[in-house]
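Here's the structure, in structure tokens; my notes come after.
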Amino acid sequence: MKSDHTDPDPLARIIAYHRASKHHLDRYAPGPGGLDWANQPDPFRRYAGAPCVELPLQADTVATSFESVRRGERPIAYPLERDSLAALFELALGLSAWKQHGDARWALRCNPSSGNLHPTEGYLVCPALPGLAAGVYHYLSHDHILEQRAAPDSTTWGSELCGGVVLALTGIHWREAWKYGLRAYRYCQHDSGHAIAAIAYAAAALGWQARLLSSWGDDELAALLGLDRTEDFADAEPENPEIALWVGSEPPPVDLSPSTLVHDLSFTGHANRLSPFQVHWPGIEDVNRAAHRPSAIPSTAFQAPSRPPLIESGCPANAVALIRQRRSAVAFDGVTSLPAKCWFGMLDALLPRANVPPLDAWPWPPRVHPLLFAHRIDGVPPGLYLLVRDPEVLPELRQALRGEWGWRPVEHAPGHLPLYELTAGDAREAAQIICCHQDIAADACFAAGFLTGFSGPLQGKPWVYRELFWETGLLGQILYLEAEAAGIRATGIGCFFDDALHQLLKLDGMAWQSLYHFTAGGPIEDRRIQTLPPYAHLHRS
């Protein structure tokens, strides 16, 4: 939706929202107080009246190993056409399985979501390709189809894309607010970060690059995708533009802009209503206006420093199989331990390297630094550790984290891994309390809080608020797949007591904030729940 741009102090509004949406030890952020199951949003957006392109189920033909993908060893690029794009969507935003318990049945997707609510929608902007006409498409994961939202009137439309395509992400805030209330805006941004990484991994498996188009503004992206067409959303919950990614075998054209594509387009289709009624959260609307991305943001292209090759995981799995098997753990056994080498490899994957997905898609320097609660890492004493992803901020972090911290490099860790021991000792109780008293944070091999530079990056750029959450979600997706490769399981934790962590570290003010938590360990499977194939209901190959 288009912003009215009338907010005289967007940063103050963002800070106000961020404080109001914090959980505290003595109270939780404002929420619905209960779940109105009859009003639960439909997890699938559809556009009635839009022409549909049926996509083949192609992912199983992709033979790239996960080890090759995670190390940036891309295969020869697949040709850009309908069938290869079908595999991309299947691996990035498609269904990964169905779950069933009694009469209840629900779908899982390759891109994780808070509460499996899936506020993130995916779109394709492409020139004419083999098997696919030029235009703007919405991806409907349930049916594995592309709904053509807009067709060009010109035969030369899309020539600006120069051999690539654009994948765009949008967010439907109501899908999360239905369950989580005010805090939902945070979770929508987390989910965008997970989806960015999911796209980058899937693109790499096909031999392509994915790059965030960091200069694209919200209004232009909304116009290109038709999100600002009120007549198409007359009875439907609105979608908000988030970010666009370039996907192709070559880097994107330097002058690529949505304004060059928003012409000669004829739109069709009307968005479906997701719930009988929507509860409005003014705080979400306020922060969404305040974090509006303006037009013509200067492009950025962070150059990752030279580092040794990523530590091998030893995982023999095919990338497709590993991506599909990713699940959010619901409980850990409290006894599984992780070899130190595996842990170091997982953390090494969080460091940016040139041409290594998904961080090669990220155009900004690291702003997020995981605080690690190590519980059961073989050869590593339990305690608190910090991975400093940008060595230039180490002095700032040492000054900000007041207290008697050791700041000792971890013994036996690779020399290039900027991992520091803050203090040794049993950190399970602290992790559990901070993560809303959830056992899963204590029963894991390790838990993490994503400590993020906050007020500094937002100065003069309030829209960076969204980018900070995207970065935490992107790192979370890395840990999800790295955990699967290590033979354990992970889960993101959106429920945590923000300031309790800050107090533990003796952090003052808003210079640093924890924006997401994560945990990984030996999963306890609920054998009452049946797992079914993702697309058996389509009866097509």
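How things are named: the first chain in the structure tokens is A, the next is B, and so on; residues count from 1 in each chain; ligands count from 1 in the order shown.
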At most 9 Å is the cut-off: for each residue in range 192-260 of chain A with any atom that close to an atom of range 112-125 of chain A, write down the nearest atom pair and the distance in Å rounded to one decimal, counting only C-alpha atoms, chain first then increasing number, as CSV.
```
residue,atom,partner,partner_atom,distance
A:Ser192,CA,A:Thr120,CA,6.4
A:His194,CA,A:Pro112,CA,6.4
A:Ala195,CA,A:Pro112,CA,7.5
A:Ala198,CA,A:Pro112,CA,8.8
A:Leu224,CA,A:Val125,CA,8.7
A:Leu225,CA,A:Tyr123,CA,7.5
A:Glu239,CA,A:Glu121,CA,8.5
A:Glu242,CA,A:Thr120,CA,8.9
A:Ala244,CA,A:Tyr123,CA,9.0
```
Include C-alpha atoms and write out the residues we just selected as a PDB file, in the first residue's frame.
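So the final result, stored in selection03.pdb, reads:
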```
ATOM      1  CA  SER A 192      11.122 -12.106   4.592  1.00  0.00           C
ATOM      2  CA  HIS A 194      14.127 -16.528   5.683  1.00  0.00           C
ATOM      3  CA  ALA A 195      12.574 -16.285   2.212  1.00  0.00           C
ATOM      4  CA  ALA A 198      15.605 -19.745   0.656  1.00  0.00           C
ATOM      5  CA  LEU A 224       4.943  -3.114 -10.553  1.00  0.00           C
ATOM      6  CA  LEU A 225       3.224  -5.941  -8.666  1.00  0.00           C
ATOM      7  CA  GLU A 239      -0.210  -6.780   0.823  1.00  0.00           C
ATOM      8  CA  GLU A 242       9.064  -5.909   0.925  1.00  0.00           C
ATOM      9  CA  ALA A 244      12.964  -7.692  -4.851  1.00  0.00           C
TER      10      ALA A 244
END
```
Could you give me, as an mmCIF file with N, CA, C and O atoms, in the first residue's frame, the residues within 9 Å of range 253-270 of chain A, counting only C-alpha atoms and dropping anything in the same chain fewer than 2 positions from it?
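The new file out07.cif reads:
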```
data_model
loop_
_atom_site.group_PDB
_atom_site.id
_atom_site.type_symbol
_atom_site.label_atom_id
_atom_site.label_comp_id
_atom_site.auth_asym_id
_atom_site.auth_seq_id
_atom_site.Cartn_x
_atom_site.Cartn_y
_atom_site.Cartn_z
ATOM 1 N N ARG A 46 -4.833 -16.090 -3.511
ATOM 2 C CA ARG A 46 -5.192 -16.425 -4.886
ATOM 3 C C ARG A 46 -5.725 -15.169 -5.571
ATOM 4 O O ARG A 46 -6.272 -14.284 -4.911
ATOM 5 N N TYR A 47 -5.610 -15.135 -6.882
ATOM 6 C CA TYR A 47 -6.136 -14.027 -7.670
ATOM 7 C C TYR A 47 -7.180 -14.567 -8.635
ATOM 8 O O TYR A 47 -6.855 -15.140 -9.676
ATOM 9 N N ALA A 48 -8.446 -14.420 -8.259
ATOM 10 C CA ALA A 48 -9.531 -14.916 -9.105
ATOM 11 C C ALA A 48 -9.535 -14.168 -10.432
ATOM 12 O O ALA A 48 -9.426 -12.943 -10.480
ATOM 13 N N GLY A 49 -9.673 -14.919 -11.512
ATOM 14 C CA GLY A 49 -9.726 -14.331 -12.834
ATOM 15 C C GLY A 49 -8.395 -14.181 -13.524
ATOM 16 O O GLY A 49 -8.347 -13.839 -14.717
ATOM 17 N N ALA A 50 -7.280 -14.422 -12.811
ATOM 18 C CA ALA A 50 -5.953 -14.308 -13.430
ATOM 19 C C ALA A 50 -5.642 -15.584 -14.213
ATOM 20 O O ALA A 50 -5.887 -16.692 -13.723
ATOM 21 N N PRO A 51 -5.101 -15.461 -15.429
ATOM 22 C CA PRO A 51 -4.690 -16.659 -16.168
ATOM 23 C C PRO A 51 -3.627 -17.438 -15.393
ATOM 24 O O PRO A 51 -2.762 -16.836 -14.748
ATOM 25 N N GLY A 135 5.726 -10.968 -18.345
ATOM 26 C CA GLY A 135 4.725 -10.374 -17.471
ATOM 27 C C GLY A 135 5.074 -10.453 -16.009
ATOM 28 O O GLY A 135 6.206 -10.758 -15.624
ATOM 29 N N VAL A 136 4.072 -10.174 -15.194
ATOM 30 C CA VAL A 136 4.182 -10.203 -13.732
ATOM 31 C C VAL A 136 3.277 -11.319 -13.228
ATOM 32 O O VAL A 136 2.079 -11.365 -13.559
ATOM 33 N N GLU A 147 0.151 -17.345 -11.340
ATOM 34 C CA GLU A 147 -1.027 -16.589 -11.748
ATOM 35 C C GLU A 147 -0.537 -15.299 -12.401
ATOM 36 O O GLU A 147 0.174 -14.513 -11.758
ATOM 37 N N GLN A 148 -0.904 -15.092 -13.651
ATOM 38 C CA GLN A 148 -0.407 -13.914 -14.357
ATOM 39 C C GLN A 148 -1.220 -12.688 -13.952
ATOM 40 O O GLN A 148 -2.363 -12.509 -14.354
ATOM 41 N N ARG A 149 -0.574 -11.854 -13.159
ATOM 42 C CA ARG A 149 -1.227 -10.624 -12.692
ATOM 43 C C ARG A 149 -1.208 -9.549 -13.760
ATOM 44 O O ARG A 149 -2.113 -8.723 -13.840
ATOM 45 N N ALA A 150 -0.187 -9.497 -14.569
ATOM 46 C CA ALA A 150 -0.092 -8.440 -15.574
ATOM 47 C C ALA A 150 0.604 -8.964 -16.822
ATOM 48 O O ALA A 150 1.597 -9.690 -16.729
ATOM 49 N N ALA A 151 0.071 -8.589 -17.966
ATOM 50 C CA ALA A 151 0.676 -8.922 -19.256
ATOM 51 C C ALA A 151 1.064 -7.619 -19.951
ATOM 52 O O ALA A 151 0.329 -6.627 -19.885
ATOM 53 N N PRO A 152 2.203 -7.600 -20.618
ATOM 54 C CA PRO A 152 2.631 -6.373 -21.295
ATOM 55 C C PRO A 152 1.912 -6.183 -22.626
ATOM 56 O O PRO A 152 1.541 -7.149 -23.301
ATOM 57 N N ASP A 153 1.733 -4.910 -22.974
ATOM 58 C CA ASP A 153 1.160 -4.573 -24.270
ATOM 59 C C ASP A 153 2.233 -4.435 -25.340
ATOM 60 O O ASP A 153 1.914 -4.343 -26.529
ATOM 61 N N SER A 154 3.502 -4.424 -24.924
ATOM 62 C CA SER A 154 4.613 -4.226 -25.852
ATOM 63 C C SER A 154 5.399 -5.521 -26.020
ATOM 64 O O SER A 154 5.633 -6.256 -25.049
ATOM 65 N N TRP A 157 8.738 -5.464 -24.011
ATOM 66 C CA TRP A 157 8.702 -5.315 -22.555
ATOM 67 C C TRP A 157 9.596 -6.370 -21.897
ATOM 68 O O TRP A 157 9.562 -7.542 -22.259
ATOM 69 N N GLY A 158 10.364 -5.959 -20.914
ATOM 70 C CA GLY A 158 11.229 -6.873 -20.181
ATOM 71 C C GLY A 158 12.634 -6.966 -20.724
ATOM 72 O O GLY A 158 13.477 -7.677 -20.145
ATOM 73 N N GLU A 160 14.818 -4.882 -20.461
ATOM 74 C CA GLU A 160 15.707 -4.293 -19.452
ATOM 75 C C GLU A 160 16.281 -5.352 -18.504
ATOM 76 O O GLU A 160 17.286 -5.112 -17.835
ATOM 77 N N LEU A 161 15.648 -6.514 -18.455
ATOM 78 C CA LEU A 161 16.090 -7.549 -17.524
ATOM 79 C C LEU A 161 17.349 -8.265 -17.999
ATOM 80 O O LEU A 161 18.012 -8.944 -17.204
ATOM 81 N N CYS A 162 17.674 -8.149 -19.278
ATOM 82 C CA CYS A 162 18.985 -8.588 -19.785
ATOM 83 C C CYS A 162 19.363 -9.996 -19.354
ATOM 84 O O CYS A 162 20.440 -10.232 -18.790
ATOM 85 N N LEU A 213 17.907 -6.311 -4.751
ATOM 86 C CA LEU A 213 17.875 -5.040 -5.473
ATOM 87 C C LEU A 213 17.645 -3.943 -4.441
ATOM 88 O O LEU A 213 16.516 -3.521 -4.173
ATOM 89 N N SER A 215 18.141 -0.813 -4.125
ATOM 90 C CA SER A 215 17.733 0.557 -4.403
ATOM 91 C C SER A 215 16.239 0.682 -4.710
ATOM 92 O O SER A 215 15.735 1.790 -4.869
ATOM 93 N N TRP A 216 15.529 -0.423 -4.817
ATOM 94 C CA TRP A 216 14.120 -0.370 -5.193
ATOM 95 C C TRP A 216 13.267 0.092 -4.019
ATOM 96 O O TRP A 216 13.366 -0.438 -2.906
ATOM 97 N N GLY A 217 12.416 1.091 -4.257
ATOM 98 C CA GLY A 217 11.542 1.621 -3.228
ATOM 99 C C GLY A 217 10.201 0.902 -3.185
ATOM 100 O O GLY A 217 9.806 0.191 -4.121
ATOM 101 N N GLU A 220 7.333 1.994 -5.963
ATOM 102 C CA GLU A 220 7.592 1.470 -7.300
ATOM 103 C C GLU A 220 7.351 -0.031 -7.363
ATOM 104 O O GLU A 220 6.792 -0.546 -8.339
ATOM 105 N N LEU A 221 7.776 -0.742 -6.330
ATOM 106 C CA LEU A 221 7.569 -2.187 -6.316
ATOM 107 C C LEU A 221 6.078 -2.511 -6.212
ATOM 108 O O LEU A 221 5.581 -3.432 -6.880
ATOM 109 N N ALA A 223 3.634 -0.713 -7.342
ATOM 110 C CA ALA A 223 3.029 -0.440 -8.648
ATOM 111 C C ALA A 223 3.335 -1.546 -9.637
ATOM 112 O O ALA A 223 2.468 -1.963 -10.427
ATOM 113 N N LEU A 224 4.557 -2.059 -9.624
ATOM 114 C CA LEU A 224 4.943 -3.114 -10.553
ATOM 115 C C LEU A 224 4.163 -4.400 -10.291
ATOM 116 O O LEU A 224 3.769 -5.106 -11.224
ATOM 117 N N LEU A 225 3.911 -4.700 -9.023
ATOM 118 C CA LEU A 225 3.224 -5.941 -8.666
ATOM 119 C C LEU A 225 1.704 -5.777 -8.616
ATOM 120 O O LEU A 225 0.986 -6.767 -8.438
ATOM 121 N N GLY A 226 1.225 -4.535 -8.742
ATOM 122 C CA GLY A 226 -0.214 -4.299 -8.687
ATOM 123 C C GLY A 226 -0.768 -4.243 -7.286
ATOM 124 O O GLY A 226 -1.996 -4.306 -7.087
ATOM 125 N N GLU A 231 -8.820 -1.528 -6.538
ATOM 126 C CA GLU A 231 -9.942 -2.286 -7.089
ATOM 127 C C GLU A 231 -9.677 -3.791 -7.075
ATOM 128 O O GLU A 231 -10.620 -4.587 -7.032
ATOM 129 N N ASP A 232 -8.399 -4.180 -7.087
ATOM 130 C CA ASP A 232 -8.059 -5.604 -7.058
ATOM 131 C C ASP A 232 -8.022 -6.170 -5.644
ATOM 132 O O ASP A 232 -7.934 -7.389 -5.460
ATOM 133 N N PHE A 233 -8.043 -5.286 -4.641
ATOM 134 C CA PHE A 233 -8.020 -5.707 -3.230
ATOM 135 C C PHE A 233 -9.244 -5.159 -2.493
ATOM 136 O O PHE A 233 -9.200 -4.954 -1.285
ATOM 137 N N ALA A 234 -10.349 -4.959 -3.224
ATOM 138 C CA ALA A 234 -11.519 -4.287 -2.653
ATOM 139 C C ALA A 234 -12.044 -4.988 -1.410
ATOM 140 O O ALA A 234 -12.455 -4.332 -0.439
ATOM 141 N N ASP A 235 -12.038 -6.289 -1.408
ATOM 142 C CA ASP A 235 -12.585 -7.053 -0.284
ATOM 143 C C ASP A 235 -11.513 -7.911 0.383
ATOM 144 O O ASP A 235 -11.822 -8.829 1.131
ATOM 145 N N ALA A 236 -10.245 -7.604 0.100
ATOM 146 C CA ALA A 236 -9.146 -8.463 0.564
ATOM 147 C C ALA A 236 -8.188 -7.695 1.458
ATOM 148 O O ALA A 236 -8.066 -6.468 1.360
ATOM 149 N N GLU A 250 24.138 -14.051 -14.463
ATOM 150 C CA GLU A 250 25.037 -12.900 -14.451
ATOM 151 C C GLU A 250 24.523 -11.876 -13.442
ATOM 152 O O GLU A 250 23.345 -11.900 -13.069
ATOM 153 N N PRO A 251 25.374 -10.956 -12.991
ATOM 154 C CA PRO A 251 24.908 -9.907 -12.073
ATOM 155 C C PRO A 251 23.832 -9.046 -12.738
ATOM 156 O O PRO A 251 23.749 -8.965 -13.968
ATOM 157 N N ASN A 272 -8.121 -12.785 -3.098
ATOM 158 C CA ASN A 272 -9.119 -13.417 -2.236
ATOM 159 C C ASN A 272 -9.073 -12.837 -0.828
ATOM 160 O O ASN A 272 -8.032 -12.390 -0.349
ATOM 161 N N ALA A 296 14.667 5.368 -5.139
ATOM 162 C CA ALA A 296 16.060 5.678 -5.492
ATOM 163 C C ALA A 296 16.999 5.691 -4.295
ATOM 164 O O ALA A 296 17.808 6.595 -4.129
ATOM 165 N N SER A 299 22.322 2.448 -4.370
ATOM 166 C CA SER A 299 22.661 1.023 -4.407
ATOM 167 C C SER A 299 23.890 0.753 -3.551
ATOM 168 O O SER A 299 24.788 1.586 -3.437
#
```
Can you list, as a ChimeraX atom specification, every residue of range 237-440 of chain A that DSSP puts in alpha helix (DSSP H)?
/A:282-290,319-325,340-348,394-400,428-434
State, in Å with one decimal place, the distance from CA of Ser306 in chain A to CA of Asp360 in chain A.
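Here the two named atoms are 12.9 Å from each other.
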So that I can see what lies close to Asp439 in chain A, please list as a PyMOL selection string the residues with an atom at most 8 Å from it, counting only C-alpha atoms and leaving out residues fewer than 4 positions away in the same chain.
chain A and resi 331+432+443
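You can rank A:Phe332, A:Trp281, A:Phe302, A:Phe454 by their closest distance to Asp526 in chain A using only C-alpha atoms, and at the top of that list sits A:Phe332.
What separates CA of Cys52 in chain A from CA of Arg109 in chain A is a distance of 20.9 Å.
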Just want the 9 Å neighbourhood of Ala354 in chain A, counted on only C-alpha atoms, with same-chain residues fewer than 5 positions away dropped. Output as number ranges by chain.
A: 72, 303-307, 359-360
File dump, residues just selected, N, CA and C atoms, as a PDB file, in the first residue's frame:
```pdb
ATOM      1  N   GLY A  72      29.291 -22.578  -2.329  1.00  0.00           N
ATOM      2  CA  GLY A  72      29.295 -21.713  -3.495  1.00  0.00           C
ATOM      3  C   GLY A  72      29.804 -22.357  -4.757  1.00  0.00           C
ATOM      4  N   GLN A 303      31.470  -5.765  -0.297  1.00  0.00           N
ATOM      5  CA  GLN A 303      32.499  -6.711  -0.731  1.00  0.00           C
ATOM      6  C   GLN A 303      32.948  -7.548   0.451  1.00  0.00           C
ATOM      7  N   ALA A 304      32.644  -8.817   0.415  1.00  0.00           N
ATOM      8  CA  ALA A 304      33.027  -9.692   1.522  1.00  0.00           C
ATOM      9  C   ALA A 304      34.537  -9.811   1.604  1.00  0.00           C
ATOM     10  N   PRO A 305      35.091  -9.827   2.810  1.00  0.00           N
ATOM     11  CA  PRO A 305      36.539  -9.977   2.942  1.00  0.00           C
ATOM     12  C   PRO A 305      36.989 -11.364   2.511  1.00  0.00           C
ATOM     13  N   SER A 306      38.251 -11.480   2.186  1.00  0.00           N
ATOM     14  CA  SER A 306      38.812 -12.773   1.803  1.00  0.00           C
ATOM     15  C   SER A 306      38.893 -13.676   3.030  1.00  0.00           C
ATOM     16  N   ARG A 307      38.358 -14.879   2.907  1.00  0.00           N
ATOM     17  CA  ARG A 307      38.384 -15.848   4.002  1.00  0.00           C
ATOM     18  C   ARG A 307      38.734 -17.221   3.441  1.00  0.00           C
ATOM     19  N   LEU A 359      24.583 -15.486   1.703  1.00  0.00           N
ATOM     20  CA  LEU A 359      25.075 -14.157   2.076  1.00  0.00           C
ATOM     21  C   LEU A 359      25.633 -13.385   0.894  1.00  0.00           C
ATOM     22  N   ASP A 360      25.899 -14.065  -0.229  1.00  0.00           N
ATOM     23  CA  ASP A 360      26.339 -13.305  -1.403  1.00  0.00           C
ATOM     24  C   ASP A 360      25.187 -12.510  -2.018  1.00  0.00           C
TER      25      ASP A 360
END
```
Minimum-distance residue to Asn318 in chain A, chosen among A:Val464, A:Leu93, A:Leu532, A:Ala205 (using only C-alpha atoms)
A:Ala205
